>>> print(open('run29.txt').read())   # compact mmCIF, C-alpha atoms and all ligand atoms
# COMPACT_ATOMS: atom_id res chain seq x y z
CA MET R 763 2.88 -1.69 -19.57
CA VAL R 764 4.74 -4.12 -17.33
CA GLY R 765 6.77 -3.13 -14.26
CA VAL R 766 7.01 0.35 -12.80
CA ASN R 767 8.81 3.55 -13.74
CA VAL R 768 8.38 6.67 -11.63
CA LYS R 769 11.46 8.86 -11.66
CA SER R 770 9.74 12.17 -11.04
CA GLU R 771 6.54 13.74 -9.73
CA VAL R 772 5.82 15.49 -13.01
CA GLY R 773 6.85 13.33 -16.00
CA ALA R 774 3.86 12.49 -18.26
CA LEU R 775 1.62 10.12 -16.32
CA LYS R 776 0.93 6.94 -18.27
CA LYS R 777 -0.49 4.45 -15.77
CA VAL R 778 -2.04 4.88 -12.35
CA ILE R 779 -3.52 2.59 -9.67
CA LEU R 780 -6.80 3.75 -8.09
CA HIS R 781 -9.42 2.21 -5.85
CA ARG R 782 -13.07 3.10 -6.44
CA PRO R 783 -14.62 3.74 -2.99
CA GLY R 784 -17.06 0.94 -2.22
CA ASP R 785 -19.26 -0.49 0.50
CA GLU R 786 -16.44 -0.14 3.04
CA LEU R 787 -17.64 3.47 3.43
CA LEU R 788 -21.10 2.21 4.45
CA ASN R 789 -19.51 0.57 7.47
CA LEU R 790 -18.26 3.83 8.94
CA THR R 791 -20.18 4.92 12.04
CA PRO R 792 -19.75 7.93 14.36
CA ASP R 793 -18.14 5.70 16.99
CA THR R 794 -15.52 4.29 14.63
CA LEU R 795 -14.67 7.45 12.66
CA GLU R 796 -11.68 8.47 14.71
CA ARG R 797 -10.12 5.02 14.84
CA LEU R 798 -10.72 4.57 11.09
CA LEU R 799 -9.17 7.99 10.33
CA PHE R 800 -12.24 9.74 8.89
CA ASP R 801 -13.71 13.07 9.97
CA ASP R 802 -17.20 12.46 8.64
CA ILE R 803 -19.20 9.83 6.77
CA PRO R 804 -19.12 10.38 2.99
CA PHE R 805 -22.32 9.86 0.96
CA LEU R 806 -21.18 6.80 -0.99
CA GLU R 807 -23.18 7.33 -4.17
CA VAL R 808 -21.82 10.84 -4.65
CA ALA R 809 -18.31 9.84 -3.57
CA GLN R 810 -18.37 7.21 -6.33
CA GLN R 811 -19.59 9.75 -8.92
CA GLU R 812 -16.80 12.10 -7.90
CA HIS R 813 -14.25 9.31 -8.05
CA ASP R 814 -15.48 8.23 -11.50
CA ALA R 815 -15.09 11.84 -12.66
CA PHE R 816 -11.51 11.81 -11.32
CA ALA R 817 -10.74 8.55 -13.17
CA GLN R 818 -12.31 9.89 -16.39
CA THR R 819 -10.27 13.09 -16.15
CA LEU R 820 -7.14 10.95 -16.06
CA ARG R 821 -8.27 8.75 -18.97
CA ASP R 822 -9.08 11.84 -21.05
CA GLU R 823 -5.46 12.87 -20.55
CA GLY R 824 -4.20 9.57 -21.92
CA VAL R 825 -3.57 7.83 -18.59
CA GLU R 826 -4.27 4.11 -18.23
CA VAL R 827 -6.33 3.66 -15.07
CA VAL R 828 -6.10 0.29 -13.29
CA TYR R 829 -7.97 -0.54 -10.12
CA LEU R 830 -6.40 -2.14 -7.06
CA GLU R 831 -9.44 -4.40 -6.66
CA ASP R 832 -9.06 -5.73 -10.24
CA LEU R 833 -5.33 -6.40 -9.82
CA MET R 834 -6.01 -8.27 -6.60
CA ALA R 835 -8.90 -10.18 -8.21
CA ASP R 836 -6.45 -11.31 -10.93
CA VAL R 837 -4.14 -12.65 -8.23
CA VAL R 838 -6.95 -14.45 -6.39
CA ALA R 839 -8.26 -15.92 -9.66
CA SER R 840 -4.80 -17.12 -10.72
CA SER R 841 -4.40 -19.84 -8.10
CA PRO R 842 -6.61 -21.53 -5.49
CA GLU R 843 -3.58 -21.81 -3.18
CA LEU R 844 -2.92 -18.07 -3.30
CA ARG R 845 -6.60 -17.37 -2.72
CA ASP R 846 -6.64 -19.58 0.40
CA GLN R 847 -3.36 -18.20 1.67
CA PHE R 848 -4.60 -14.62 1.22
CA LEU R 849 -7.89 -15.33 3.01
CA ASP R 850 -6.14 -17.02 5.94
CA GLN R 851 -3.79 -14.12 6.35
CA TRP R 852 -6.57 -11.55 5.95
CA ILE R 853 -8.66 -13.26 8.66
CA LYS R 854 -5.69 -13.49 11.02
CA GLU R 855 -4.68 -9.87 10.50
CA ALA R 856 -8.25 -8.78 11.14
CA GLY R 857 -7.67 -10.00 14.70
CA ILE R 858 -9.64 -13.26 14.46
CA HIS R 859 -7.61 -15.80 16.38
CA THR R 860 -9.97 -18.57 17.45
CA GLU R 861 -10.38 -21.66 15.31
CA LYS R 862 -14.17 -21.49 15.56
CA TRP R 863 -14.46 -17.96 14.17
CA ARG R 864 -11.86 -18.57 11.50
CA ARG R 865 -13.93 -21.48 10.27
CA ILE R 866 -17.22 -19.55 10.34
CA ILE R 867 -15.73 -16.65 8.40
CA SER R 868 -13.93 -18.69 5.78
CA GLU R 869 -17.00 -20.87 5.20
CA TYR R 870 -19.10 -17.76 4.73
CA LEU R 871 -16.67 -16.21 2.24
CA ASN R 872 -16.20 -19.45 0.33
CA SER R 873 -19.92 -20.10 -0.02
CA GLU R 874 -21.11 -16.56 -0.80
CA PHE R 875 -18.23 -14.99 -2.72
CA SER R 876 -17.02 -17.32 -5.43
CA ASP R 877 -16.39 -14.49 -7.89
CA PRO R 878 -12.79 -13.26 -7.31
CA LYS R 879 -13.63 -9.56 -7.54
CA ALA R 880 -16.65 -9.89 -5.25
CA LEU R 881 -14.43 -11.72 -2.77
CA VAL R 882 -11.74 -9.05 -2.86
CA GLU R 883 -14.33 -6.30 -2.42
CA LYS R 884 -15.85 -8.15 0.50
CA THR R 885 -12.47 -8.27 2.24
CA MET R 886 -12.40 -4.47 1.87
CA THR R 887 -15.98 -3.98 3.12
CA GLY R 888 -15.63 -5.97 6.33
CA ILE R 889 -18.10 -8.38 7.94
CA ASN R 890 -21.05 -7.71 10.18
CA LEU R 891 -22.08 -10.30 12.80
CA ALA R 892 -25.62 -10.38 11.39
CA GLU R 893 -24.31 -11.75 8.08
CA LEU R 894 -22.84 -14.86 9.65
CA ASP R 895 -24.67 -18.05 10.26
CA VAL R 896 -23.93 -18.44 13.94
CA GLU R 897 -26.18 -20.72 15.98
CA ARG R 898 -28.20 -18.66 18.35
CA SER R 899 -27.53 -20.65 21.46
CA ASN R 900 -27.54 -19.29 24.94
CA SER R 901 -24.04 -17.98 24.48
CA LEU R 902 -22.77 -14.75 25.94
CA ILE R 903 -22.64 -13.26 22.43
CA ASP R 904 -26.41 -13.64 22.09
CA LEU R 905 -27.09 -12.14 25.44
CA VAL R 906 -24.89 -9.09 25.43
CA SER R 907 -23.58 -8.45 21.93
CA SER R 908 -25.29 -6.32 19.34
CA PRO R 909 -26.34 -8.53 16.41
CA THR R 910 -25.16 -5.86 13.99
CA LYS R 911 -21.63 -5.22 15.19
CA MET R 912 -18.62 -5.48 12.92
CA VAL R 913 -16.74 -8.76 13.34
CA ILE R 914 -14.15 -7.56 10.85
CA ASP R 915 -13.52 -3.85 10.33
CA PRO R 916 -13.90 -2.18 6.93
CA MET R 917 -10.90 -0.55 5.22
CA PRO R 918 -12.37 2.86 4.33
CA ASN R 919 -9.01 4.47 3.53
CA LEU R 920 -8.31 2.21 0.56
CA TYR R 921 -9.25 4.90 -1.95
CA PHE R 922 -6.07 6.65 -0.86
CA THR R 923 -3.93 4.27 -2.93
CA ARG R 924 -0.97 6.61 -2.45
CA ASP R 925 -0.20 5.31 1.00
CA PRO R 926 0.09 1.52 1.45
CA PHE R 927 2.90 1.23 -1.10
CA ALA R 928 4.91 3.66 -3.22
CA MET R 929 6.90 3.57 -6.45
CA VAL R 930 10.50 4.68 -6.19
CA GLY R 931 12.16 4.82 -9.62
CA GLY R 932 11.92 1.27 -10.98
CA GLY R 933 11.14 -0.24 -7.57
CA VAL R 934 8.46 -0.27 -4.92
CA THR R 935 8.25 0.15 -1.16
CA ILE R 936 5.55 -1.85 0.63
CA HIS R 937 4.75 -0.23 3.89
CA ARG R 938 4.29 -0.85 7.52
CA MET R 939 1.60 1.70 8.32
CA TYR R 940 1.26 3.99 11.32
CA SER R 941 -2.23 2.82 12.26
CA VAL R 942 -3.73 -0.61 12.88
CA THR R 943 -6.61 0.18 10.56
CA ARG R 944 -4.42 0.98 7.57
CA ASN R 945 -1.86 -1.78 8.13
CA ARG R 946 -4.24 -4.38 6.68
CA GLU R 947 -4.38 -2.44 3.39
CA THR R 948 -0.80 -3.32 2.55
CA LEU R 949 -1.71 -7.01 2.15
CA TYR R 950 -3.11 -6.23 -1.31
CA GLY R 951 0.12 -4.55 -2.39
CA GLN R 952 2.22 -7.43 -1.09
CA TYR R 953 0.16 -10.02 -3.02
CA ILE R 954 0.12 -7.91 -6.18
CA PHE R 955 3.87 -7.18 -6.17
CA ASP R 956 4.72 -10.80 -5.33
CA ASN R 957 2.36 -12.41 -7.83
CA HIS R 958 0.69 -10.24 -10.45
CA PRO R 959 2.28 -10.75 -13.91
CA ASP R 960 2.35 -6.96 -14.51
CA PHE R 961 4.26 -6.22 -11.29
CA LYS R 962 6.07 -9.38 -10.18
CA GLY R 963 9.85 -8.98 -10.05
CA THR R 964 9.78 -5.25 -9.21
CA PRO R 965 12.57 -4.63 -6.64
CA GLN R 966 11.04 -4.17 -3.18
CA TYR R 967 12.92 -1.64 -1.05
CA TYR R 968 10.72 -1.88 2.01
CA ARG R 969 8.50 -4.66 3.35
CA ARG R 970 5.36 -4.65 5.43
CA ASP R 971 6.93 -6.70 8.22
CA TYR R 972 9.70 -4.18 8.91
CA ALA R 973 9.65 -2.56 12.33
CA PHE R 974 9.12 1.13 11.50
CA HIS R 975 6.20 2.87 9.90
CA ILE R 976 6.29 4.75 6.62
CA GLU R 977 3.46 5.81 4.27
CA GLY R 978 3.41 6.70 0.58
CA GLY R 979 2.04 10.22 1.13
CA ASP R 980 5.50 11.01 2.48
CA VAL R 981 7.41 9.69 -0.55
CA LEU R 982 8.17 12.15 -3.38
CA ASN R 983 10.28 11.32 -6.42
CA ILE R 984 12.22 14.52 -7.13
CA ASN R 985 14.23 13.06 -10.03
CA ASP R 986 16.18 9.92 -10.96
CA HIS R 987 18.86 10.76 -8.38
CA VAL R 988 16.90 12.34 -5.54
CA LEU R 989 14.05 11.01 -3.43
CA ALA R 990 12.31 13.19 -0.80
CA VAL R 991 10.64 11.55 2.21
CA GLY R 992 8.69 13.30 4.96
CA ILE R 993 9.37 12.64 8.62
CA SER R 994 5.80 13.03 9.83
CA GLN R 995 3.05 11.63 12.00
CA ARG R 996 3.09 8.66 9.59
CA THR R 997 6.76 8.13 8.79
CA GLU R 998 9.50 7.47 11.34
CA PRO R 999 13.10 8.56 10.73
CA ASP R 1000 14.23 4.96 11.35
CA ALA R 1001 12.13 3.82 8.37
CA ILE R 1002 13.83 6.40 6.13
CA ASP R 1003 17.27 5.13 7.21
CA THR R 1004 16.26 1.57 6.36
CA LEU R 1005 14.74 2.62 3.06
CA ALA R 1006 17.80 4.67 2.04
CA ALA R 1007 20.12 1.75 2.81
CA GLY R 1008 17.88 -0.56 0.72
CA ILE R 1009 17.83 1.80 -2.26
CA PHE R 1010 21.57 2.51 -2.14
CA ALA R 1011 22.29 -1.23 -2.03
CA ASP R 1012 20.29 -1.91 -5.23
CA GLU R 1013 22.55 -1.71 -8.28
CA THR R 1014 19.64 -1.00 -10.63
CA SER R 1015 18.62 2.14 -8.73
CA THR R 1016 20.06 5.50 -9.79
CA ILE R 1017 19.04 7.29 -6.59
CA ASP R 1018 22.07 8.57 -4.67
CA THR R 1019 20.41 11.08 -2.34
CA VAL R 1020 17.45 10.86 0.00
CA LEU R 1021 16.19 14.13 1.50
CA ALA R 1022 14.28 13.78 4.75
CA PHE R 1023 11.84 16.66 5.37
CA ASP R 1024 10.99 16.95 9.03
CA ILE R 1025 7.44 18.38 9.14
CA PRO R 1026 5.33 19.07 12.26
CA ASN R 1027 3.51 16.04 13.62
CA SER R 1028 -0.23 16.78 13.34
CA ARG R 1029 -3.46 15.42 11.91
CA ALA R 1030 -3.78 18.27 9.41
CA PHE R 1031 -0.24 17.65 8.10
CA MET R 1032 -0.28 13.86 8.35
CA HIS R 1033 1.94 13.35 5.26
CA LEU R 1034 4.44 15.50 3.39
CA ASP R 1035 2.09 15.58 0.37
CA THR R 1036 -0.63 17.28 2.42
CA VAL R 1037 1.56 20.37 2.57
CA PHE R 1038 3.88 20.12 -0.42
CA THR R 1039 3.52 18.76 -3.99
CA GLN R 1040 5.42 19.34 -7.21
CA ILE R 1041 3.34 20.77 -10.06
CA ASP R 1042 5.86 21.67 -12.76
CA ARG R 1043 9.57 21.15 -13.44
CA ASP R 1044 10.32 24.21 -11.32
CA LYS R 1045 7.14 24.79 -9.27
CA PHE R 1046 5.75 23.41 -6.05
CA THR R 1047 2.59 24.10 -4.05
CA ILE R 1048 3.25 24.59 -0.39
CA HIS R 1049 1.25 25.24 2.76
CA PRO R 1050 2.73 28.35 4.43
CA GLY R 1051 2.23 26.67 7.82
CA ILE R 1052 5.30 24.47 7.32
CA LEU R 1053 7.74 27.06 6.05
CA GLY R 1054 9.03 28.08 9.48
CA PRO R 1055 9.42 24.77 11.28
CA LEU R 1056 10.82 22.74 8.37
CA THR R 1057 14.23 21.06 8.71
CA VAL R 1058 15.79 19.00 5.92
CA PHE R 1059 18.42 16.23 6.21
CA GLU R 1060 20.47 14.72 3.40
CA LEU R 1061 21.19 10.97 3.31
CA THR R 1062 23.87 9.64 0.97
CA PRO R 1063 25.70 6.30 0.60
CA GLY R 1064 28.61 5.88 3.02
CA ALA R 1065 31.29 3.21 3.36
CA ASP R 1066 30.37 -0.47 3.98
CA GLY R 1067 26.66 -0.11 3.28
CA LYS R 1068 26.30 2.65 5.86
CA VAL R 1069 24.29 5.81 5.24
CA ASN R 1070 25.77 9.29 5.83
CA VAL R 1071 23.43 11.90 7.25
CA LYS R 1072 23.86 15.67 7.18
CA ARG R 1073 21.56 18.47 8.32
CA LEU R 1074 21.09 21.08 5.58
CA ASP R 1075 21.33 24.60 6.91
CA SER R 1076 19.59 26.64 4.24
CA ASP R 1077 16.04 27.58 3.37
CA LEU R 1078 13.72 25.28 1.46
CA GLU R 1079 13.96 27.22 -1.78
CA SER R 1080 17.75 27.00 -1.93
CA ILE R 1081 17.67 23.32 -1.01
CA LEU R 1082 15.20 22.56 -3.79
CA GLU R 1083 17.12 24.66 -6.30
CA LYS R 1084 20.25 22.67 -5.57
CA TYR R 1085 18.62 19.25 -5.99
CA VAL R 1086 16.12 20.06 -8.74
CA GLY R 1087 18.90 21.79 -10.64
CA CYS R 1088 17.14 25.08 -11.54
CA PRO R 1089 15.53 28.10 -9.81
CA VAL R 1090 12.22 27.05 -8.25
CA LYS R 1091 9.02 28.82 -7.31
CA LEU R 1092 7.00 27.91 -4.20
CA LEU R 1093 3.32 28.72 -4.69
CA GLN R 1094 1.43 29.09 -1.45
CA CYS R 1095 -1.86 27.43 -0.73
CA GLY R 1096 -4.39 30.19 0.08
CA ALA R 1097 -2.50 32.76 -2.05
CA GLY R 1098 -1.19 34.69 0.94
CA ASP R 1099 -4.44 34.63 2.99
CA ARG R 1100 -3.70 32.63 6.14
CA ILE R 1101 -7.30 31.64 6.88
CA ALA R 1102 -7.87 30.52 3.30
CA ALA R 1103 -4.57 28.61 3.48
CA GLU R 1104 -5.62 26.68 6.57
CA ARG R 1105 -9.16 26.05 5.33
CA GLU R 1106 -8.05 24.88 1.92
CA GLN R 1107 -5.09 22.84 3.15
CA TRP R 1108 -7.54 20.93 5.37
CA ASN R 1109 -9.40 20.00 2.18
CA ASP R 1110 -6.23 19.21 0.27
CA GLY R 1111 -5.63 22.50 -1.51
CA SER R 1112 -1.91 21.73 -1.70
CA ASN R 1113 -2.40 18.05 -2.57
CA THR R 1114 -2.34 18.02 -6.36
CA LEU R 1115 -1.68 15.25 -8.87
CA CYS R 1116 0.59 16.25 -11.73
CA ILE R 1117 -0.34 14.73 -15.11
CA ARG R 1118 2.56 16.34 -17.00
CA PRO R 1119 4.69 19.41 -16.24
CA GLY R 1120 2.31 22.27 -15.50
CA THR R 1121 -0.93 20.23 -15.77
CA ILE R 1122 -2.44 19.21 -12.45
CA VAL R 1123 -5.59 17.69 -11.00
CA VAL R 1124 -7.10 19.74 -8.16
CA TYR R 1125 -10.20 19.62 -5.96
CA GLN R 1126 -12.91 22.06 -7.04
CA ARG R 1127 -13.64 23.33 -3.54
CA ASN R 1128 -10.25 25.04 -3.08
CA ASN R 1129 -11.09 28.05 -5.22
CA VAL R 1130 -8.70 30.57 -3.64
CA THR R 1131 -5.67 28.35 -4.22
CA ASN R 1132 -6.95 27.21 -7.63
CA ASP R 1133 -7.45 30.78 -8.90
CA PHE R 1134 -3.94 31.61 -7.80
CA LEU R 1135 -2.44 28.57 -9.55
CA TYR R 1136 -4.43 29.41 -12.68
CA ARG R 1137 -3.06 32.96 -12.69
CA GLU R 1138 0.44 31.51 -12.31
CA GLY R 1139 -0.09 29.72 -15.64
CA LEU R 1140 -0.94 26.19 -14.52
CA ASP R 1141 -3.38 24.09 -16.49
CA LEU R 1142 -5.94 22.89 -13.92
CA LYS R 1143 -8.08 19.79 -14.30
CA VAL R 1144 -10.74 20.45 -11.69
CA VAL R 1145 -12.60 17.52 -10.10
CA PRO R 1146 -15.63 17.55 -7.76
CA SER R 1147 -14.76 16.94 -4.14
CA ALA R 1148 -17.63 17.47 -1.70
CA GLU R 1149 -17.72 13.85 -0.46
CA LEU R 1150 -14.26 12.48 -1.27
CA SER R 1151 -12.59 15.18 0.84
CA ARG R 1152 -14.27 13.92 4.02
CA GLY R 1153 -11.58 11.23 4.16
CA ARG R 1154 -8.85 13.93 4.33
CA GLY R 1155 -7.07 13.20 1.09
CA GLY R 1156 -6.83 14.88 -2.32
CA PRO R 1157 -5.93 13.95 -5.91
CA ARG R 1158 -2.38 12.90 -5.04
CA CYS R 1159 -3.52 10.76 -2.10
CA MET R 1160 -6.11 9.04 -4.31
CA SER R 1161 -3.62 7.90 -6.93
CA MET R 1162 -0.53 5.72 -7.16
CA PRO R 1163 1.37 6.32 -10.40
CA ALA R 1164 2.91 3.12 -11.78
CA TRP R 1165 4.41 4.67 -14.88
CA ARG R 1166 5.60 8.16 -15.76
CA GLU R 1167 7.60 9.04 -18.85
CA ASP R 1168 11.15 10.06 -18.05
CA LEU R 1169 11.76 13.80 -18.25
N1 LIG R 1201 -1.27 10.71 1.01
C1 LIG R 1201 -2.17 11.23 1.80
N2 LIG R 1201 -2.05 12.45 2.21
N3 LIG R 1201 -3.17 10.45 2.21
C2 LIG R 1201 -4.26 10.89 3.02
C3 LIG R 1201 -4.84 9.75 3.78
C4 LIG R 1201 -6.05 10.10 4.58
C5 LIG R 1201 -6.52 8.99 5.47
N4 LIG R 1201 -7.79 9.26 6.04
C6 LIG R 1201 -5.53 8.74 6.59
O1 LIG R 1201 -5.65 9.38 7.62
O2 LIG R 1201 -4.66 7.93 6.47
>>> encode(input="run29.txt", output="structure tokens")
Amino acid sequence: MVGVNVKSEVGALKKVILHRPGDELLNLTPDTLERLLFDDIPFLEVAQQEHDAFAQTLRDEGVEVVYLEDLMADVVASSPELRDQFLDQWIKEAGIHTEKWRRIISEYLNSEFSDPKALVEKTMTGINLAELDVERSNSLIDLVSSPTKMVIDPMPNLYFTRDPFAMVGGGVTIHRMYSVTRNRETLYGQYIFDNHPDFKGTPQYYRRDYAFHIEGGDVLNINDHVLAVGISQRTEPDAIDTLAAGIFADETSTIDTVLAFDIPNSRAFMHLDTVFTQIDRDKFTIHPGILGPLTVFELTPGADGKVNVKRLDSDLESILEKYVGCPVKLLQCGAGDRIAAEREQWNDGSNTLCIRPGTIVVYQRNNVTNDFLYREGLDLKVVPSAELSRGRGGPRCMSMPAWREDL
């Protein structure tokens, strides 16, 4: 399958991009957790088993699973120039600005990581000072620095492939991220969408060097005419304006309406998909905590490339009914129990991945919400989640659909 096609949240999933959590998780420490956006340190071996179970669940449902690290390894293997250019940029964006350290790091990578996939994985893992062959002179580093400090940070959030880029219809948005730590992740997407034979030529509606931040957890494809984007901790309204103008200007795109959902700015609700996902043609899961404070704006093409914006003064259900085109049902995380709702939302109870209308992947630990969805007639594919959930992301966060069948 070449190119991308994602014109809904629920059309039969055919191809998805994942990242198997790797040694980057071993470089999380209590001191860096907050900055690296984790709440605890996952046990890597079990996190990998859980992730493999997630990938197998998708394969069993006929989905082609491709890994970000393999796509990037293909790019690195395809040309020595691209490989060098990527490494230079990766070193620079890791905050290494002196000639001396650039040389030490690139020599280390070139001598120890000749295999393209090992090299790509190393760029994800980060580099510890102790790994580098630095002469132990009487320099200040030797005297006061810890020999085991990170020279280059890991990228532990990479297994949330939902966020650094997002498919919008037949195009892609490559993001400027909210946090320094996640901004480096988008390099892989940029190289893959610029160079990989399976993705090259896909229209790019947003680029990583734009000024405003936006993340894929906020981007929901309602149908081939309507895109929903969250205004959240991670996505600025200015980015949605820019994105809407880019989509409306592309003649190949059929999207004529962007809905901006203004959700409260908090860690628990970092993206729209942490509180709201579509699970069937006419059903959504929702965290009751956002129902009150939610405001929705409609963006449509105006004259001379401008974008018209209008505030929608009705409740969420009526808004969805209008744009989805049929009566909709909002199923609440926690099944009406407020404590269960908050507990399970924190562990991604309303963050589901739809495989086809009515069939969804959910985390095992959210049993109150899962029982409720089961009783409402949904077909649940339950995956283990004790370790993966410590990164604060669920099945939707851990997956980037590249191809869904049209509805
Ligand atoms: N689409 C999502 N909800 N992604 C969740 C990402 C979690 C990650 N630790 C972060 O804070 O960025």
>>> residues_around(input="run29.txt", residues="Asp814 in chain R", least_positions_apart="5", cutoff="10 Å", atoms="all atoms listed in the file", output="list in words")
Arg782, Pro783, Val808, Ala809, Thr819, Leu820 and Val1145 of chain R
>>> atom_distance(input="run29.txt", atom1="CA of Pro999 in chain R", atom2="CA of Gly963 in chain R")
27.4 Å
>>> residues_near_ligand(input="run29.txt", ligand="ligand LIG 1201 (chain R)", cutoff="6 Å", atoms="only C-alpha atoms and all ligand atoms", output="short mmCIF file (atom, residue, chain, number, x, y, z; two decimals) with C-alpha atoms, in the coordinates of the input")
data_model
loop_
_atom_site.label_atom_id
_atom_site.label_comp_id
_atom_site.auth_asym_id
_atom_site.auth_seq_id
_atom_site.Cartn_x
_atom_site.Cartn_y
_atom_site.Cartn_z
CA LEU R 799 -9.17 7.99 10.33
CA PHE R 800 -12.24 9.74 8.89
CA ASN R 919 -9.01 4.47 3.53
CA PHE R 922 -6.07 6.65 -0.86
CA ARG R 924 -0.97 6.61 -2.45
CA ASP R 925 -0.20 5.31 1.00
CA GLY R 979 2.04 10.22 1.13
CA HIS R 1033 1.94 13.35 5.26
CA ASP R 1035 2.09 15.58 0.37
CA THR R 1036 -0.63 17.28 2.42
CA GLY R 1153 -11.58 11.23 4.16
CA ARG R 1154 -8.85 13.93 4.33
CA GLY R 1155 -7.07 13.20 1.09
CA CYS R 1159 -3.52 10.76 -2.10
#
>>> residues_around(input="run29.txt", residues="range 1068-1070 of chain R", least_positions_apart="4", cutoff="9 Å", atoms="all atoms listed in the file", output="list in words")
Asp1003, Ala1006, Ala1007, Phe1010, Glu1060, Leu1061, Thr1062, Pro1063 and Gly1064 of chain R
>>> atom_distance(input="run29.txt", atom1="CA of Lys911 in chain R", atom2="CA of Leu844 in chain R")
29.3 Å
>>> residues_around(input="run29.txt", residues="range 768-779 of chain R", least_positions_apart="5", cutoff="9 Å", atoms="all atoms listed in the file", output="PyMOL selection string")
chain R and resi 763+820+823-830+923-924+929-933+982-989+1039-1043+1115-1121+1160-1169
>>> residues_near_point(input="run29.txt", point="(-5.3, 19.8, 0.9)", cutoff="10 Å", atoms="all atoms listed in the file", output="PyMOL selection string")
chain R and resi 1030-1031+1035-1038+1048-1049+1095+1103-1114+1124-1125+1128+1131+1151+1154-1159
>>> closest_residue(input="run29.txt", among="R:Val882, R:Leu920, R:Ile858, R:Ala835", to="Leu798 in chain R", atoms="all atoms listed in the file")
R:Leu920
>>> residues_near_point(input="run29.txt", point="(-16.5, 11.8, 2.6)", cutoff="9 Å", atoms="all atoms listed in the file", output="ChimeraX atom specification")
/R:787,800-806,809,1147-1154
>>> write_last_selection(input="run29.txt", atoms="C-alpha atoms", output="PDB file, in the coordinates of the input")
ATOM      1  CA  LEU R 787     -17.640   3.470   3.430  1.00  0.00           C
ATOM      2  CA  PHE R 800     -12.240   9.740   8.890  1.00  0.00           C
ATOM      3  CA  ASP R 801     -13.710  13.070   9.970  1.00  0.00           C
ATOM      4  CA  ASP R 802     -17.200  12.460   8.640  1.00  0.00           C
ATOM      5  CA  ILE R 803     -19.200   9.830   6.770  1.00  0.00           C
ATOM      6  CA  PRO R 804     -19.120  10.380   2.990  1.00  0.00           C
ATOM      7  CA  PHE R 805     -22.320   9.860   0.960  1.00  0.00           C
ATOM      8  CA  LEU R 806     -21.180   6.800  -0.990  1.00  0.00           C
ATOM      9  CA  ALA R 809     -18.310   9.840  -3.570  1.00  0.00           C
ATOM     10  CA  SER R1147     -14.760  16.940  -4.140  1.00  0.00           C
ATOM     11  CA  ALA R1148     -17.630  17.470  -1.700  1.00  0.00           C
ATOM     12  CA  GLU R1149     -17.720  13.850  -0.460  1.00  0.00           C
ATOM     13  CA  LEU R1150     -14.260  12.480  -1.270  1.00  0.00           C
ATOM     14  CA  SER R1151     -12.590  15.180   0.840  1.00  0.00           C
ATOM     15  CA  ARG R1152     -14.270  13.920   4.020  1.00  0.00           C
ATOM     16  CA  GLY R1153     -11.580  11.230   4.160  1.00  0.00           C
ATOM     17  CA  ARG R1154      -8.850  13.930   4.330  1.00  0.00           C
TER      18      ARG R1154
END
>>> atom_distance(input="run29.txt", atom1="CA of Arg1073 in chain R", atom2="CA of Leu1053 in chain R")
16.4 Å
>>> residues_around(input="run29.txt", residues="range 939-947 of chain R", least_positions_apart="4", cutoff="9 Å", atoms="all atoms listed in the file", output="PyMOL selection string")
chain R and resi 797-799+852+855-856+886+915-920+925-926+951+970+974-977+995-998
>>> write_last_selection(input="run29.txt", atoms="C-alpha atoms", output="PDB file, keeping the file's coordinate frame")
ATOM      1  CA  ARG R 797     -10.120   5.020  14.840  1.00  0.00           C
ATOM      2  CA  LEU R 798     -10.720   4.570  11.090  1.00  0.00           C
ATOM      3  CA  LEU R 799      -9.170   7.990  10.330  1.00  0.00           C
ATOM      4  CA  TRP R 852      -6.570 -11.550   5.950  1.00  0.00           C
ATOM      5  CA  GLU R 855      -4.680  -9.870  10.500  1.00  0.00           C
ATOM      6  CA  ALA R 856      -8.250  -8.780  11.140  1.00  0.00           C
ATOM      7  CA  MET R 886     -12.400  -4.470   1.870  1.00  0.00           C
ATOM      8  CA  ASP R 915     -13.520  -3.850  10.330  1.00  0.00           C
ATOM      9  CA  PRO R 916     -13.900  -2.180   6.930  1.00  0.00           C
ATOM     10  CA  MET R 917     -10.900  -0.550   5.220  1.00  0.00           C
ATOM     11  CA  PRO R 918     -12.370   2.860   4.330  1.00  0.00           C
ATOM     12  CA  ASN R 919      -9.010   4.470   3.530  1.00  0.00           C
ATOM     13  CA  LEU R 920      -8.310   2.210   0.560  1.00  0.00           C
ATOM     14  CA  ASP R 925      -0.200   5.310   1.000  1.00  0.00           C
ATOM     15  CA  PRO R 926       0.090   1.520   1.450  1.00  0.00           C
ATOM     16  CA  GLY R 951       0.120  -4.550  -2.390  1.00  0.00           C
ATOM     17  CA  ARG R 970       5.360  -4.650   5.430  1.00  0.00           C
ATOM     18  CA  PHE R 974       9.120   1.130  11.500  1.00  0.00           C
ATOM     19  CA  HIS R 975       6.200   2.870   9.900  1.00  0.00           C
ATOM     20  CA  ILE R 976       6.290   4.750   6.620  1.00  0.00           C
ATOM     21  CA  GLU R 977       3.460   5.810   4.270  1.00  0.00           C
ATOM     22  CA  GLN R 995       3.050  11.630  12.000  1.00  0.00           C
ATOM     23  CA  ARG R 996       3.090   8.660   9.590  1.00  0.00           C
ATOM     24  CA  THR R 997       6.760   8.130   8.790  1.00  0.00           C
ATOM     25  CA  GLU R 998       9.500   7.470  11.340  1.00  0.00           C
TER      26      GLU R 998
END
>>> closest_residue(input="run29.txt", among="R:Ala815, R:Met1032, R:Val1123, R:Ala1022", to="Leu1078 in chain R", atoms="all atoms listed in the file")
R:Ala1022
